>>> print(open('my_file_9.csv').read())   # CSV, C-alpha atoms and all ligand atoms
chain,number,residue,atom,x,y,z
A,1,MET,CA,22.7,-6.3,53.5
A,2,LEU,CA,20.1,-3.8,54.7
A,3,ILE,CA,16.9,-3.2,52.7
A,4,LYS,CA,17.9,0.5,53.0
A,5,THR,CA,21.0,-0.2,50.9
A,6,ILE,CA,18.8,-1.6,48.1
A,7,LEU,CA,16.4,1.3,48.4
A,8,ASN,CA,19.3,3.8,48.1
A,9,ARG,CA,20.2,2.1,44.9
A,10,VAL,CA,16.8,1.8,43.2
A,11,GLU,CA,15.2,5.0,44.6
A,12,PRO,CA,17.7,7.5,45.8
A,13,PHE,CA,16.7,11.0,47.1
A,14,LYS,CA,18.8,14.1,47.5
A,15,SER,CA,17.1,15.7,50.5
A,16,PHE,CA,15.7,12.6,52.2
A,17,VAL,CA,17.1,9.5,53.8
A,18,TYR,CA,15.7,6.1,54.6
A,19,GLY,CA,15.4,5.2,58.2
A,20,LYS,CA,14.3,2.1,60.0
A,21,VAL,CA,12.5,-0.7,58.1
A,22,LYS,CA,9.9,-2.7,60.0
A,23,LEU,CA,8.1,-5.9,59.1
A,24,VAL,CA,4.5,-5.6,60.3
A,25,GLU,CA,1.3,-7.4,59.7
A,26,ASP,CA,-1.2,-5.4,57.8
A,27,MET,CA,-4.7,-6.8,57.3
A,28,GLY,CA,-3.3,-10.3,57.6
A,29,ARG,CA,-0.4,-9.9,55.2
A,30,PRO,CA,3.3,-9.2,55.9
A,31,THR,CA,4.2,-5.6,55.0
A,32,LEU,CA,7.4,-3.7,55.0
A,33,GLU,CA,7.2,-0.1,56.4
A,34,VAL,CA,10.1,2.1,55.5
A,35,GLU,CA,10.7,5.3,57.5
A,36,VAL,CA,11.7,8.3,55.5
A,37,GLN,CA,13.3,11.3,57.0
A,38,ALA,CA,14.2,14.7,55.7
A,39,ARG,CA,17.9,15.5,55.9
A,40,LYS,CA,18.8,17.7,58.9
A,41,ASN,CA,19.9,20.7,56.8
A,42,GLY,CA,17.4,20.3,54.0
A,43,ARG,CA,14.6,22.9,53.7
A,44,ALA,CA,11.1,21.8,52.7
A,45,ILE,CA,10.0,22.7,49.2
A,46,CYS,CA,6.7,24.5,48.7
A,47,SER,CA,4.4,22.4,46.5
A,48,GLY,CA,2.8,25.6,45.1
A,49,CYS,CA,5.9,27.2,43.5
A,50,GLY,CA,8.7,24.6,43.9
A,51,ARG,CA,10.9,27.0,46.0
A,52,PRO,CA,12.2,26.2,49.5
A,53,GLY,CA,10.3,28.0,52.2
A,54,ALA,CA,10.3,28.4,56.0
A,55,GLY,CA,9.1,25.5,58.0
A,56,TYR,CA,5.6,25.9,59.5
A,57,ASP,CA,4.6,22.6,61.2
A,58,ARG,CA,4.4,18.9,60.6
A,59,LEU,CA,1.4,16.8,59.7
A,60,SER,CA,0.7,13.3,61.0
A,61,GLU,CA,2.4,10.4,59.4
A,62,ARG,CA,1.3,9.2,55.9
A,63,ARG,CA,1.9,5.9,54.2
A,64,PHE,CA,2.9,5.8,50.5
A,65,GLU,CA,2.7,2.5,48.7
A,66,PHE,CA,5.9,1.6,46.9
A,67,VAL,CA,6.8,-1.3,44.5
A,68,PRO,CA,6.2,-4.6,46.4
A,69,LEU,CA,9.1,-6.9,47.3
A,70,TRP,CA,9.0,-10.7,47.7
A,71,GLY,CA,5.2,-10.6,47.6
A,72,MET,CA,5.1,-8.1,50.4
A,73,ALA,CA,3.6,-4.7,50.2
A,74,VAL,CA,6.1,-1.9,50.8
A,75,TYR,CA,5.2,1.5,52.3
A,76,PHE,CA,7.2,4.6,52.8
A,77,VAL,CA,6.1,6.3,56.1
A,78,TYR,CA,6.7,10.0,56.3
A,79,ALA,CA,5.2,12.9,58.2
A,80,MET,CA,4.9,15.8,55.7
A,81,ARG,CA,6.1,19.2,56.7
A,82,ARG,CA,4.1,22.4,55.9
A,83,VAL,CA,5.8,25.4,54.5
A,84,ASP,CA,5.1,29.0,55.1
A,85,CYS,CA,5.7,30.3,51.6
A,86,ARG,CA,6.1,34.0,50.9
A,87,ASP,CA,4.1,33.6,47.7
A,88,CYS,CA,1.7,30.7,48.3
A,89,GLY,CA,0.9,31.0,52.0
A,90,VAL,CA,0.9,27.8,54.1
A,91,THR,CA,1.3,24.7,51.8
A,92,VAL,CA,2.2,21.1,52.2
A,93,GLU,CA,5.8,20.3,51.1
A,94,ARG,CA,6.7,18.7,47.8
A,95,VAL,CA,8.3,15.3,48.1
A,96,PRO,CA,10.2,13.5,45.3
A,97,TRP,CA,8.4,10.1,45.6
A,98,ALA,CA,4.8,11.2,45.3
A,99,ARG,CA,2.5,13.9,44.0
A,100,GLY,CA,-0.5,15.7,45.6
A,101,LYS,CA,-2.9,13.6,47.7
A,102,CYS,CA,-2.0,10.4,45.8
A,103,HIS,CA,-1.0,7.6,48.3
A,104,LEU,CA,0.8,5.6,45.6
A,105,THR,CA,4.4,6.5,45.0
A,106,ILE,CA,5.4,7.6,41.5
A,107,SER,CA,7.5,4.5,41.0
A,108,PHE,CA,4.6,2.2,42.0
A,109,ARG,CA,2.3,4.0,39.6
A,110,TRP,CA,4.6,3.5,36.6
A,111,PHE,CA,5.2,-0.1,37.7
A,112,LEU,CA,1.4,-0.8,37.6
A,113,ALA,CA,1.0,1.1,34.4
A,114,ARG,CA,3.7,-1.0,32.7
A,115,TRP,CA,2.2,-4.3,33.8
A,116,ALA,CA,-1.2,-3.0,32.6
A,117,LYS,CA,0.2,-2.9,29.1
A,118,ARG,CA,0.9,-6.6,29.3
A,119,LEU,CA,-2.0,-8.0,31.4
A,120,PRO,CA,-5.7,-7.1,31.9
A,121,TRP,CA,-6.1,-4.6,34.6
A,122,ASP,CA,-8.0,-6.8,37.1
A,123,GLU,CA,-5.1,-9.3,36.9
A,124,VAL,CA,-2.5,-6.7,37.6
A,125,ALA,CA,-4.6,-5.6,40.6
A,126,GLY,CA,-4.8,-9.2,41.8
A,127,ILE,CA,-1.1,-10.0,41.3
A,128,PHE,CA,0.1,-6.9,43.1
A,129,GLN,CA,-2.6,-6.9,45.7
A,130,THR,CA,-3.9,-3.5,44.9
A,131,SER,CA,-7.3,-2.3,43.7
A,132,TRP,CA,-8.5,-2.0,40.1
A,133,ARG,CA,-9.0,1.7,40.8
A,134,ASN,CA,-5.3,2.1,41.7
A,135,VAL,CA,-4.3,0.4,38.4
A,136,PHE,CA,-6.7,2.6,36.4
A,137,GLU,CA,-5.4,5.8,38.1
A,138,SER,CA,-1.8,4.7,37.4
A,139,VAL,CA,-2.6,4.0,33.7
A,140,LYS,CA,-4.4,7.3,33.4
A,141,HIS,CA,-1.5,9.1,35.0
A,142,ALA,CA,0.9,7.4,32.5
A,143,VAL,CA,-1.3,8.4,29.6
A,144,TYR,CA,-1.6,12.0,30.6
A,145,TRP,CA,2.2,12.3,31.2
A,146,GLY,CA,2.8,10.6,27.9
A,147,ILE,CA,0.5,12.9,25.9
A,148,LEU,CA,2.0,15.9,27.5
A,149,HIS,CA,5.5,14.9,26.6
A,150,GLN,CA,5.0,13.3,23.2
A,151,GLU,CA,6.1,15.0,20.0
A,152,VAL,CA,3.5,15.3,17.3
A,153,ASP,CA,5.0,17.2,14.5
A,154,ASP,CA,6.0,15.8,11.2
A,155,ILE,CA,2.9,13.8,10.5
A,156,GLU,CA,3.0,12.7,6.9
A,157,ALA,CA,0.4,10.0,6.8
A,158,ILE,CA,-2.6,9.1,8.9
A,159,GLY,CA,-5.1,6.3,9.0
A,160,VAL,CA,-8.6,6.8,10.1
A,161,ASP,CA,-10.4,3.8,11.4
A,162,GLU,CA,-13.8,3.1,13.0
A,163,ILE,CA,-14.3,0.4,15.5
A,164,GLN,CA,-17.3,-1.0,17.3
A,165,TRP,CA,-17.0,-1.1,21.0
A,166,GLN,CA,-20.3,-2.0,22.6
A,167,LYS,CA,-23.2,-4.2,21.6
A,168,GLY,CA,-25.5,-2.4,19.2
A,169,HIS,CA,-24.0,0.4,17.1
A,170,SER,CA,-21.6,2.3,19.3
A,171,TYR,CA,-18.5,3.2,17.4
A,172,LEU,CA,-15.2,4.9,18.1
A,173,THR,CA,-13.2,7.0,15.7
A,174,LEU,CA,-9.4,6.3,15.8
A,175,VAL,CA,-6.7,8.3,14.1
A,176,TYR,CA,-3.3,6.7,13.7
A,177,GLN,CA,0.0,8.1,12.5
A,178,ILE,CA,1.4,5.8,9.9
A,179,LYS,CA,5.2,5.9,9.5
A,180,GLU,CA,7.8,3.4,8.5
A,181,GLY,CA,8.8,1.7,11.7
A,182,MET,CA,6.2,3.4,13.9
A,183,LYS,CA,2.4,3.4,13.9
A,184,ARG,CA,0.8,5.0,16.8
A,185,LEU,CA,-2.6,6.1,17.9
A,186,LEU,CA,-3.0,9.9,18.0
A,187,TRP,CA,-6.7,10.4,18.6
A,188,VAL,CA,-9.8,8.6,20.0
A,189,ALA,CA,-13.3,10.0,19.9
A,190,GLU,CA,-16.8,8.7,20.5
A,191,GLU,CA,-19.0,7.9,17.6
A,192,ARG,CA,-18.1,8.1,13.9
A,193,THR,CA,-19.6,11.4,13.0
A,194,GLU,CA,-18.0,14.4,11.2
A,195,GLU,CA,-17.4,16.0,14.6
A,196,SER,CA,-15.6,12.9,15.9
A,197,LEU,CA,-12.9,13.3,13.2
A,198,ARG,CA,-12.9,17.1,13.2
A,199,GLY,CA,-11.8,17.0,16.8
A,200,PHE,CA,-8.5,15.5,15.7
A,201,PHE,CA,-7.8,18.2,13.1
A,202,ARG,CA,-8.6,20.9,15.6
A,203,LEU,CA,-5.7,19.7,17.6
A,204,LEU,CA,-3.2,20.4,14.8
A,205,THR,CA,-1.6,23.7,13.9
A,206,ALA,CA,-2.2,24.9,10.4
A,207,GLU,CA,1.3,23.9,9.6
A,208,ALA,CA,0.9,20.4,10.9
A,209,ARG,CA,-2.2,20.0,8.9
A,210,GLN,CA,-0.4,21.1,5.8
A,211,SER,CA,2.3,18.5,6.3
A,212,ILE,CA,-0.2,15.6,5.9
A,213,ARG,CA,0.3,14.0,2.5
A,214,PHE,CA,-1.7,10.8,2.8
A,215,VAL,CA,-4.9,9.8,4.5
A,216,CYS,CA,-6.1,6.2,4.6
A,217,SER,CA,-9.7,5.4,5.5
A,218,ASP,CA,-12.7,3.4,4.7
A,219,MET,CA,-15.7,4.6,2.7
A,220,TRP,CA,-17.6,6.1,5.6
A,221,GLU,CA,-19.2,9.3,4.2
A,222,ALA,CA,-18.6,11.4,7.3
A,223,TYR,CA,-14.8,10.7,7.1
A,224,LEU,CA,-14.7,11.3,3.4
A,225,LYS,CA,-16.3,14.7,3.9
A,226,VAL,CA,-14.1,15.9,6.8
A,227,VAL,CA,-10.9,14.7,5.1
A,228,ALA,CA,-11.8,16.6,1.9
A,229,GLU,CA,-12.6,19.7,3.9
A,230,GLN,CA,-9.6,19.6,6.4
A,231,VAL,CA,-6.7,18.3,4.4
A,232,GLU,CA,-7.5,19.0,0.8
A,233,GLN,CA,-3.8,18.8,-0.3
A,234,ALA,CA,-3.5,15.2,0.9
A,235,ILE,CA,-4.0,12.1,-1.3
A,236,HIS,CA,-6.9,10.3,0.2
A,237,VAL,CA,-6.6,6.6,-0.1
A,238,LEU,CA,-9.3,4.1,0.4
A,239,ASP,CA,-7.0,1.4,1.5
A,240,ARG,CA,-6.9,-2.4,0.9
A,241,PHE,CA,-7.6,-3.3,4.5
A,242,HIS,CA,-10.8,-1.3,4.6
A,243,ILE,CA,-12.1,-2.3,1.3
A,244,MET,CA,-11.5,-6.0,2.0
A,245,LYS,CA,-13.2,-5.5,5.3
A,246,THR,CA,-16.3,-4.1,3.6
A,247,MET,CA,-16.3,-7.0,1.3
A,248,ASN,CA,-16.0,-9.5,4.2
A,249,GLU,CA,-18.9,-7.9,5.9
A,250,ALA,CA,-21.0,-8.3,2.7
A,251,ILE,CA,-20.0,-12.0,2.4
A,252,ASP,CA,-20.9,-12.6,6.0
A,253,LYS,CA,-24.3,-11.0,5.4
A,254,VAL,CA,-24.9,-13.2,2.4
A,255,ARG,CA,-23.9,-16.3,4.4
A,256,ARG,CA,-26.2,-15.5,7.3
A,257,SER,CA,-29.3,-14.9,5.2
A,258,GLU,CA,-28.5,-17.9,3.1
A,259,ALA,CA,-28.1,-20.1,6.1
A,260,ALA,CA,-31.4,-18.9,7.5
A,261,ARG,CA,-33.1,-19.6,4.2
A,262,LEU,CA,-31.6,-23.1,3.8
A,263,GLU,CA,-32.6,-24.0,7.3
A,264,GLN,CA,-36.2,-22.9,6.6
A,265,GLU,CA,-36.3,-25.0,3.5
A,266,GLY,CA,-35.1,-28.0,5.5
A,267,TYR,CA,-31.5,-28.3,4.3
A,268,GLU,CA,-28.8,-29.2,6.7
A,269,PRO,CA,-27.3,-26.1,8.3
A,270,VAL,CA,-24.0,-26.5,6.3
A,271,LEU,CA,-23.2,-22.8,6.5
A,272,LYS,CA,-23.9,-22.3,10.2
A,273,HIS,CA,-20.3,-22.8,11.4
A,274,SER,CA,-18.5,-22.0,8.3
A,275,ARG,CA,-18.0,-18.3,8.9
A,276,TRP,CA,-14.3,-18.5,9.2
A,277,CYS,CA,-13.6,-20.7,6.2
A,278,LEU,CA,-15.5,-18.3,4.1
A,279,LEU,CA,-13.6,-15.3,5.4
A,280,LYS,CA,-10.2,-16.8,5.4
A,281,ARG,CA,-8.0,-16.9,2.3
A,282,PRO,CA,-7.3,-20.5,1.0
A,283,GLU,CA,-3.7,-20.6,2.1
A,284,ASN,CA,-4.8,-19.8,5.7
A,285,LEU,CA,-7.2,-22.7,6.0
A,286,THR,CA,-6.6,-25.7,8.2
A,287,ASP,CA,-7.0,-29.2,6.7
A,288,GLN,CA,-10.3,-29.6,8.4
A,289,GLN,CA,-11.6,-26.3,7.1
A,290,THR,CA,-10.5,-27.2,3.6
A,291,VAL,CA,-12.8,-30.3,3.8
A,292,LYS,CA,-15.6,-28.1,4.9
A,293,LEU,CA,-15.0,-25.7,2.0
A,294,LYS,CA,-15.2,-28.6,-0.4
A,295,GLU,CA,-18.4,-29.7,1.1
A,296,LEU,CA,-19.7,-26.2,0.7
A,297,LEU,CA,-18.7,-25.9,-2.9
A,298,GLN,CA,-21.1,-28.7,-3.8
A,299,TYR,CA,-23.9,-26.4,-3.2
A,300,ASN,CA,-24.2,-23.6,-5.7
A,301,LEU,CA,-24.5,-21.1,-3.0
A,302,GLN,CA,-24.4,-17.3,-3.2
A,303,SER,CA,-21.9,-17.3,-0.3
A,304,VAL,CA,-19.5,-19.4,-2.3
A,305,ARG,CA,-20.0,-17.2,-5.3
A,306,SER,CA,-19.4,-14.1,-3.3
A,307,ARG,CA,-16.3,-15.6,-1.9
A,308,ILE,CA,-15.0,-16.4,-5.4
A,309,LEU,CA,-15.6,-12.9,-6.4
A,310,ARG,CA,-13.7,-11.7,-3.4
A,311,GLU,CA,-10.8,-13.9,-4.1
A,312,ASP,CA,-10.8,-12.7,-7.7
A,313,PHE,CA,-10.7,-9.1,-6.5
A,314,GLN,CA,-7.4,-9.7,-4.7
A,315,ARG,CA,-5.8,-9.5,-8.1
A,316,PHE,CA,-6.7,-5.8,-8.1
A,317,TRP,CA,-4.0,-5.0,-5.6
A,318,GLU,CA,-1.3,-6.5,-7.7
A,319,TYR,CA,-1.6,-4.0,-10.5
A,320,THR,CA,1.1,-1.3,-10.8
A,321,SER,CA,-0.6,0.9,-13.3
A,322,PRO,CA,-3.6,2.8,-12.0
A,323,THR,CA,-5.1,2.7,-15.6
A,324,TRP,CA,-5.1,-1.1,-15.8
A,325,ALA,CA,-6.2,-1.4,-12.2
A,326,GLY,CA,-9.1,0.9,-13.1
A,327,LYS,CA,-10.0,-1.3,-16.0
A,328,PHE,CA,-9.9,-4.4,-13.9
A,329,LEU,CA,-12.1,-2.7,-11.3
A,330,ASP,CA,-14.7,-1.7,-13.8
A,331,GLU,CA,-14.8,-5.2,-15.3
A,332,TRP,CA,-15.0,-6.8,-11.8
A,333,CYS,CA,-17.9,-4.4,-10.9
A,334,THR,CA,-19.9,-5.3,-14.0
A,335,ARG,CA,-19.4,-9.0,-13.3
A,336,THR,CA,-20.4,-8.7,-9.7
A,337,MET,CA,-23.5,-6.7,-10.6
A,338,ARG,CA,-24.6,-9.6,-12.8
A,339,SER,CA,-24.3,-12.0,-9.9
A,340,LYS,CA,-27.5,-10.6,-8.5
A,341,ILE,CA,-26.2,-11.0,-4.9
A,342,GLU,CA,-27.6,-7.9,-3.2
A,343,PRO,CA,-24.9,-7.3,-0.5
A,344,MET,CA,-22.2,-7.6,-3.1
A,345,LYS,CA,-24.0,-5.3,-5.4
A,346,LYS,CA,-24.0,-2.8,-2.6
A,347,VAL,CA,-20.3,-3.1,-2.4
A,348,VAL,CA,-20.0,-2.4,-6.1
A,349,ARG,CA,-22.1,0.7,-5.8
A,350,SER,CA,-19.8,2.2,-3.2
A,351,LEU,CA,-16.7,1.1,-5.1
A,352,ARG,CA,-18.0,2.8,-8.2
A,353,GLU,CA,-18.9,5.9,-6.3
A,354,HIS,CA,-15.4,6.2,-4.8
A,355,ARG,CA,-13.4,4.9,-7.8
A,356,ASP,CA,-10.9,7.8,-7.8
A,357,LEU,CA,-10.1,7.5,-4.1
A,358,ILE,CA,-9.6,3.7,-4.5
A,359,LEU,CA,-7.2,4.2,-7.4
A,360,ASN,CA,-5.3,6.6,-5.2
A,361,TRP,CA,-4.0,3.4,-3.6
A,362,PHE,CA,-1.7,3.0,-6.6
A,363,SER,CA,-0.3,6.5,-6.5
A,364,ALA,CA,0.4,6.2,-2.8
A,365,ARG,CA,1.9,2.8,-3.0
A,366,GLY,CA,5.4,2.6,-1.6
A,367,GLN,CA,4.8,5.8,0.3
A,368,VAL,CA,2.2,4.5,2.8
A,369,SER,CA,3.0,1.1,4.2
A,370,ALA,CA,0.6,-1.5,2.8
A,371,GLY,CA,-0.9,-2.8,6.0
A,372,SER,CA,-1.8,0.7,7.0
A,373,VAL,CA,-4.0,0.3,10.0
A,374,GLU,CA,-4.6,-3.4,9.9
A,375,GLY,CA,-2.4,-4.5,12.8
A,376,LEU,CA,-3.6,-1.6,14.9
A,377,ASN,CA,-7.2,-2.4,14.3
A,378,ASN,CA,-6.7,-5.9,15.7
A,379,LYS,CA,-4.8,-4.6,18.6
A,380,ALA,CA,-7.5,-2.1,19.4
A,381,LYS,CA,-10.1,-4.8,19.3
A,382,VAL,CA,-8.1,-7.0,21.7
A,383,THR,CA,-7.7,-4.0,24.0
A,384,ILE,CA,-11.4,-3.4,24.0
A,385,ARG,CA,-12.3,-7.0,24.5
A,386,LYS,CA,-10.0,-7.6,27.4
A,387,SER,CA,-11.7,-7.1,30.7
A,388,TYR,CA,-10.9,-3.7,31.9
A,389,GLY,CA,-13.4,-3.7,34.8
A,390,PHE,CA,-15.6,-0.9,33.7
A,391,ARG,CA,-16.7,-0.6,30.2
A,392,THR,CA,-17.2,3.1,30.0
A,393,TYR,CA,-15.9,5.3,27.2
A,394,LYS,CA,-13.4,7.1,29.5
A,395,VAL,CA,-11.8,3.7,30.5
A,396,ILE,CA,-11.7,2.5,26.9
A,397,GLU,CA,-10.2,5.7,25.8
A,398,ILE,CA,-7.4,5.6,28.4
A,399,ALA,CA,-6.8,1.9,27.6
A,400,LEU,CA,-6.4,2.6,23.9
A,401,TYR,CA,-4.0,5.4,24.3
A,402,HIS,CA,-2.0,3.3,26.7
A,403,THR,CA,-1.6,0.3,24.5
A,404,LEU,CA,-1.5,1.9,21.1
A,405,GLY,CA,-0.2,5.5,21.7
A,406,GLU,CA,3.5,4.6,21.8
A,407,LEU,CA,3.6,7.3,24.5
A,408,PRO,CA,7.0,8.3,26.1
A,409,GLU,CA,7.9,7.6,29.7
A,410,PRO,CA,10.2,9.4,32.0
A,411,LYS,CA,13.8,8.1,32.6
A,412,PHE,CA,14.1,6.2,35.8
A,413,THR,CA,17.1,5.4,38.0
A,414,HIS,CA,16.0,1.8,38.1
A,415,GLU,CA,13.7,-0.3,35.9
A,416,PHE,CA,11.4,-2.2,38.2
A,417,CYS,CA,9.8,-4.2,35.4
A,501,ZN,ZN,5.2,28.7,47.1
>>> encode(input="my_file_9.csv", output="structure tokens", more="lines below")
Ligand SMILES: [Zn+2]
Amino acid sequence: MLIKTILNRVEPFKSFVYGKVKLVEDMGRPTLEVEVQARKNGRAICSGCGRPGAGYDRLSERRFEFVPLWGMAVYFVYAMRRVDCRDCGVTVERVPWARGKCHLTISFRWFLARWAKRLPWDEVAGIFQTSWRNVFESVKHAVYWGILHQEVDDIEAIGVDEIQWQKGHSYLTLVYQIKEGMKRLLWVAEERTEESLRGFFRLLTAEARQSIRFVCSDMWEAYLKVVAEQVEQAIHVLDRFHIMKTMNEAIDKVRRSEAARLEQEGYEPVLKHSRWCLLKRPENLTDQQTVKLKELLQYNLQSVRSRILREDFQRFWEYTSPTWAGKFLDEWCTRTMRSKIEPMKKVVRSLREHRDLILNWFSARGQVSAGSVEGLNNKAKVTIRKSYGFRTYKVIEIALYHTLGELPEPKFTHEFC
């Protein structure tokens, strides 16, 4: 069988045919070069307006990188025609396998972009013997295409999340759509200011904004303010994931200052490596960690007491009646204030301040899925952590939309991966 036959099956063109296939050495590696020719009777298409035009001349041969085969790079080789278009003047023709000046074929770009969802970009570049830049450009192209073709009406519930992405205090604001069976990233912005979130609402039509019924977020003031101002009809829920996250951060703070103090006073650094057993729920602890927890409980430590308070708070989420939940919340807050543990008292103060929004959790239950943004938050962190080559905002933004945006892709004749 000829390679041409395979190509006609996976990548057929109407007005072009495959010619000779040559095996050549290119920079020390075997490479397949596939000649492409225009059909005899086919007229070149103007890349300006998409209409056929009179032939003008032919440029020198160009190589377009296609999906590799058997570990060999594959190139289409074609000399582009120029068109003398009545409307656009002299333009280079449009070909179905590539766009503009890009030397990667469209199929190869989607191929790289799909692999880049599964593997770090530098690995994709290494495996398919191409550059990091080519992988990035392919992903960027996939993201732009997807955003242009995605449907964003009918948004009933959104989750607003902040995430740290660089050392120090650099944050990103993420907005997700939360829907049964589909959670996707709709918006990424730098910082976690009011403007970061307002940018999202500016994208929406007045109608789309009106259709939002639930917003889940944490207790960050800038978000609270913008949500109240932009979608006043929506029920704003301070959700379980975000509240427990705040509490975990407080517990971690208690642990760190206590560990430092104990060490200073000459006690063994029992809390040093116990971060995970304090943050985990008991049923998720390994045997070894349980032993460590027992050891810890012998000390009457603030970290342990904070943890017990946190565990106790889990009961809050099991209430069905907002009234009873509210009573429990008030009682828990009083108890925690008496503990004299400063970071926990700080949690109490913000819980009290936002009592109504927290109790909204119970009115929204069953209508917004419980995990809200939890899974997405983890996925976003992994995306950021993976090596993407350059840690600039632009790259991270593209990477997040790519992995979390659930963006559509065009239909292909053949699925390469
Ligand atoms: Zn034209």
>>> closest_atom_pairs(input="my_file_9.csv", of="chain A", to="ligand ZN 501 (chain A)", cutoff="10 Å", atoms="only C-alpha atoms and all ligand atoms", output="JSON lines")
{"residue": "A:Ile45", "atom": "CA", "partner": "A:ZN501", "partner_atom": "ZN", "distance": 8.0}
{"residue": "A:Cys46", "atom": "CA", "partner": "A:ZN501", "partner_atom": "ZN", "distance": 4.7}
{"residue": "A:Ser47", "atom": "CA", "partner": "A:ZN501", "partner_atom": "ZN", "distance": 6.4}
{"residue": "A:Gly48", "atom": "CA", "partner": "A:ZN501", "partner_atom": "ZN", "distance": 4.4}
{"residue": "A:Cys49", "atom": "CA", "partner": "A:ZN501", "partner_atom": "ZN", "distance": 4.0}
{"residue": "A:Gly50", "atom": "CA", "partner": "A:ZN501", "partner_atom": "ZN", "distance": 6.3}
{"residue": "A:Arg51", "atom": "CA", "partner": "A:ZN501", "partner_atom": "ZN", "distance": 6.0}
{"residue": "A:Pro52", "atom": "CA", "partner": "A:ZN501", "partner_atom": "ZN", "distance": 7.8}
{"residue": "A:Gly53", "atom": "CA", "partner": "A:ZN501", "partner_atom": "ZN", "distance": 7.2}
{"residue": "A:Val83", "atom": "CA", "partner": "A:ZN501", "partner_atom": "ZN", "distance": 8.1}
{"residue": "A:Asp84", "atom": "CA", "partner": "A:ZN501", "partner_atom": "ZN", "distance": 8.0}
{"residue": "A:Cys85", "atom": "CA", "partner": "A:ZN501", "partner_atom": "ZN", "distance": 4.8}
{"residue": "A:Arg86", "atom": "CA", "partner": "A:ZN501", "partner_atom": "ZN", "distance": 6.6}
{"residue": "A:Asp87", "atom": "CA", "partner": "A:ZN501", "partner_atom": "ZN", "distance": 5.1}
{"residue": "A:Cys88", "atom": "CA", "partner": "A:ZN501", "partner_atom": "ZN", "distance": 4.2}
{"residue": "A:Gly89", "atom": "CA", "partner": "A:ZN501", "partner_atom": "ZN", "distance": 6.9}
{"residue": "A:Val90", "atom": "CA", "partner": "A:ZN501", "partner_atom": "ZN", "distance": 8.3}
{"residue": "A:Thr91", "atom": "CA", "partner": "A:ZN501", "partner_atom": "ZN", "distance": 7.3}
{"residue": "A:Val92", "atom": "CA", "partner": "A:ZN501", "partner_atom": "ZN", "distance": 9.6}
{"residue": "A:Glu93", "atom": "CA", "partner": "A:ZN501", "partner_atom": "ZN", "distance": 9.3}
>>> residues_near_point(input="my_file_9.csv", point="(-15.3, 10.1, 15.3)", cutoff="10 Å", atoms="all atoms listed in the file", output="number ranges by chain")
A: 160-163, 171-175, 187-200, 222-223
>>> residues_around(input="my_file_9.csv", residues="Gly146 of chain A", least_positions_apart="4", cutoff="12 Å", atoms="only C-alpha atoms", output="ChimeraX atom specification")
/A:110,113,139-142,150-152,186,398,401-410
>>> closest_residue(input="my_file_9.csv", among="A:Ala73, A:Leu224, A:Ile308, A:Ile243", to="Gly28 of chain A", atoms="only C-alpha atoms")
A:Ala73
>>> residues_around(input="my_file_9.csv", residues="Ser257 of chain A", least_positions_apart="5", cutoff="12 Å", atoms="only C-alpha atoms", output="list of chain:residue names")
A:Ala250, A:Ile251, A:Asp252, A:Leu262, A:Glu263, A:Gln264, A:Pro269, A:Leu271, A:Lys272, A:Leu301, A:Gln302, A:Ser303, A:Ile341, A:Glu342, A:Pro343
>>> atom_distance(input="my_file_9.csv", atom1="atom CA of Trp317 of chain A", atom2="atom CA of Glu331 of chain A")
14.5 Å
>>> closest_residue(input="my_file_9.csv", among="A:Thr320, A:Asn360, A:Thr5, A:Ser107", to="Thr413 of chain A", atoms="only C-alpha atoms")
A:Ser107
>>> atom_distance(input="my_file_9.csv", atom1="atom CA of Val215 of chain A", atom2="atom CA of Val237 of chain A")
5.9 Å
>>> atom_distance(input="my_file_9.csv", atom1="atom CA of Ala399 of chain A", atom2="atom CA of Ala116 of chain A")
9.0 Å
>>> closest_residue(input="my_file_9.csv", among="A:Thr323, A:Gln164, A:Thr392, A:Thr383", to="Ser363 of chain A", atoms="only C-alpha atoms")
A:Thr323
>>> residues_around(input="my_file_9.csv", residues="Glu156 of chain A", least_positions_apart="3", cutoff="10 Å", atoms="all atoms listed in the file", output="VMD selection string")
chain A and resid 153 177 to 179 208 to 215 234 367 to 368
